[in-house]
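Novice: This structure is in structure tokens; I'll ask about it shortly.
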Amino acid sequence: LSVTPSAISQRIRNLEDRSGTALIDRGPPVRGTGAGLRLAAHLDQVRLLESGLQGALRPDAPPVVRIAVNADSLACWAMAPLAAAPGLLDLIVDDQDHAQDWLKSGQVAAALTSEARPLPGCDSIPLGRMRYRATASPDFAARHVAEGVTADSLSRAPSLSFNSKDGLQDRWVRMRVGRAVALPLHRIPSPQAFAGATRMGLGWGMNPEAMVAGDLAAGRLVDLAPDLPLDVPLVWQVAPLTRAIRQAAGAALLS
């Protein structure tokens, strides 16, 4: 920036005085406060609004579009419409049930979430439902659930989980047996690796139907309960990418 550290500190203090609140947590480590992160996100959104003019006047400085999106959508269908972003992408990958938290904290301009209720100042646009199937390899099913997919068999059969926020397996089990079951699990934090671990027989898990349809058709995977899919609603909470997101969702998601 061609200025001294003391000049930066003075500018931050002046900005905090004008804002009436602390913007930087001096740490260690140094990081933005909640208000500071909201201010930074607001600046990003202002830059997006000015992107047309900025593109004409400063083609060397495209705006940054920060979005929260769930990993399964990113792996299955969302990457193509995100290419329509009017600038550079900065993607935050988080569970659809938690992506709205990034909007609440002001750290993203938009989020792909399962929460239909819009935040103040945001539009909430339902996109459709992403269908998941409880899947396992044929060998795994024969070893662990040959006598039926019951609370007892599920309590002993290894399951797969994306991360600590992934509640799809637990949700499906409650639908299946009518109550919660303590599931033994492997954590596999990648959609592609998650599906691969299912094919290898490491455990059973909720895979997006779009990702494993070929495996089910070819017999590499079996559906543990074909009459019990799990549909997760997806909602787009406002960004300049709305048209592209809605078009891609219309082709990839269930209405």
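We label chains A, B, ... in the order they appear in the structure tokens, count residues from 1 in each chain, and number ligands from 1 in the order shown.
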From the DSSP assignment of the backbone, select every residue of range 28-207 of chain A that is alpha helix (DSSP H), and format the answer as JSON, numbers by chain.
Specialist: {"A": [34, 35, 36, 37, 38, 39, 40, 41, 42, 43, 44, 45, 46, 47, 48, 49, 51, 52, 53, 54, 55, 56, 57, 71, 72, 73, 79, 80, 81, 82, 100, 101, 102, 103, 104, 138, 139, 140, 141, 142, 143, 144, 151, 152, 153, 154, 155, 156, 168, 169, 170, 171, 172, 173, 174, 175, 176, 177, 191, 192, 193, 194, 195, 196, 197, 198, 199]}
Novice: Identify, on the basis of only C-alpha atoms, every residue whose closest approach to range 31-41 of chain A does not exceed 9 Å; exclude the query and any residue fewer than 4 positions from it along the same chain; express the result as a ChimeraX atom specification.
Specialist: /A:21-27,45-46,66,105-109
Novice: Generate the output file for the selected residues, N, CA, C and O atoms, as a short mmCIF file (atom, residue, chain, number, x, y, z; two decimals), in the first residue's frame.
Specialist:
data_model
loop_
_atom_site.label_atom_id
_atom_site.label_comp_id
_atom_site.auth_asym_id
_atom_site.auth_seq_id
_atom_site.Cartn_x
_atom_site.Cartn_y
_atom_site.Cartn_z
N THR A 21 -17.84 1.79 16.54
CA THR A 21 -17.66 0.43 17.05
C THR A 21 -16.31 -0.11 16.62
O THR A 21 -15.69 0.41 15.66
N ALA A 22 -15.82 -1.14 17.31
CA ALA A 22 -14.56 -1.77 16.92
C ALA A 22 -14.75 -2.59 15.66
O ALA A 22 -15.73 -3.33 15.52
N LEU A 23 -13.83 -2.48 14.74
CA LEU A 23 -13.90 -3.21 13.47
C LEU A 23 -12.84 -4.31 13.38
O LEU A 23 -12.98 -5.24 12.59
N ILE A 24 -11.78 -4.18 14.19
CA ILE A 24 -10.67 -5.13 14.16
C ILE A 24 -10.43 -5.68 15.56
O ILE A 24 -10.32 -4.92 16.52
N ASP A 25 -10.39 -6.99 15.67
CA ASP A 25 -9.95 -7.65 16.90
C ASP A 25 -8.44 -7.81 16.78
O ASP A 25 -7.96 -8.57 15.95
N ARG A 26 -7.70 -7.08 17.61
CA ARG A 26 -6.24 -7.01 17.47
C ARG A 26 -5.55 -8.34 17.79
O ARG A 26 -4.39 -8.54 17.49
N GLY A 27 -6.30 -9.28 18.43
CA GLY A 27 -5.77 -10.62 18.61
C GLY A 27 -4.69 -10.74 19.65
O GLY A 27 -4.65 -9.95 20.60
N GLN A 45 -20.44 -5.89 -1.77
CA GLN A 45 -21.72 -5.77 -2.45
C GLN A 45 -21.83 -4.46 -3.21
O GLN A 45 -22.39 -4.40 -4.31
N VAL A 46 -21.30 -3.39 -2.63
CA VAL A 46 -21.27 -2.10 -3.34
C VAL A 46 -20.44 -2.22 -4.62
O VAL A 46 -20.82 -1.72 -5.68
N ARG A 66 -18.68 -13.16 -3.34
CA ARG A 66 -18.52 -14.15 -2.26
C ARG A 66 -19.87 -14.80 -1.98
O ARG A 66 -20.85 -14.13 -1.66
N SER A 105 -24.15 -13.10 9.18
CA SER A 105 -22.95 -12.40 9.66
C SER A 105 -22.44 -11.38 8.65
O SER A 105 -21.45 -10.69 8.92
N GLY A 106 -23.09 -11.30 7.49
CA GLY A 106 -22.69 -10.32 6.49
C GLY A 106 -21.43 -10.65 5.74
O GLY A 106 -20.81 -9.79 5.13
N GLN A 107 -21.03 -11.93 5.76
CA GLN A 107 -19.76 -12.30 5.15
C GLN A 107 -19.89 -12.75 3.70
O GLN A 107 -18.88 -12.96 3.03
N VAL A 108 -21.12 -12.95 3.21
CA VAL A 108 -21.33 -13.31 1.81
C VAL A 108 -22.44 -12.44 1.23
O VAL A 108 -23.26 -11.88 1.97
N ALA A 109 -22.47 -12.35 -0.09
CA ALA A 109 -23.51 -11.58 -0.76
C ALA A 109 -24.73 -12.42 -1.07
O ALA A 109 -25.81 -11.88 -1.32
#
Novice: For the structure I just gave you, how does DSSP split range 45-175 of chain A - specifically, which residues are strand (DSSP E)? Reply as a PyMOL selection string.
Specialist: chain A and resi 64-69+88-93+110-113+124-136+159-161
Novice: Using only C-alpha atoms, which of the listed residues (A:Trp236, A:Leu253, A:Pro81, A:Leu230) sits closest to Leu119 in chain A?
Specialist: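 Between A:Trp236, A:Leu253, A:Pro81, A:Leu230, the residue approaching Leu119 in chain A most closely is A:Trp236.
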Novice: Which polymer residues have any atom within 8 Å of an atom of Ala195 in chain A, counting only C-alpha atoms, with same-chain residues fewer than 3 positions away left out, as a PyMOL selection string?
Specialist: chain A and resi 191-192+198-199+207+211-212
Novice: Would you compute the distance between CA of Asn70 in chain A and CA of Ser114 in chain A? Give it in Å to one decimal.
Specialist: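 So the answer is 9.8 Å.
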Novice: Please list as number ranges by chain every residue within 9 Å of Ala252 in chain A, counting only C-alpha atoms and excluding residues in the same chain fewer than 2 positions away.
Specialist: A: 76-77, 128, 130, 210, 247-250, 254
Novice: For Met175 in chain A, find every residue with an atom within 9 Å (counting only C-alpha atoms), except residues of its own chain fewer than 4 positions away, and show them as a list in words.
Specialist: Asp170, Arg171, Arg179, Leu228 and Leu230 of chain A
Novice: Neighbouring residues of range 136-139 of chain A were defined as those with any atom within 7 Å, considering only C-alpha atoms; residues of the same chain fewer than 6 positions away were excluded. Please report them as a ChimeraX atom specification.
Specialist: /A:198-201,203-205,220-223
Novice: Neighbours of Thr113 in chain A within 6 Å (only C-alpha atoms; same-chain residues fewer than 4 positions away dropped), as a PDB file with C-alpha atoms, in the first residue's frame?
Specialist:
ATOM      1  CA  GLN A  96     -27.276 -26.072   3.149  1.00  0.00           C
ATOM      2  CA  ALA A  99     -25.211 -21.497   4.715  1.00  0.00           C
ATOM      3  CA  LEU A 234     -32.901 -25.412  -1.917  1.00  0.00           C
ATOM      4  CA  VAL A 235     -33.401 -21.668  -1.760  1.00  0.00           C
TER       5      VAL A 235
END
Novice: From the list A:Pro28, A:Gly167, A:Pro184, A:Gly178, which residue is nearest Met206 in chain A when using only C-alpha atoms?
Specialist: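 Looking at the shortest contact to Met206 in chain A, the residue is A:Gly167.
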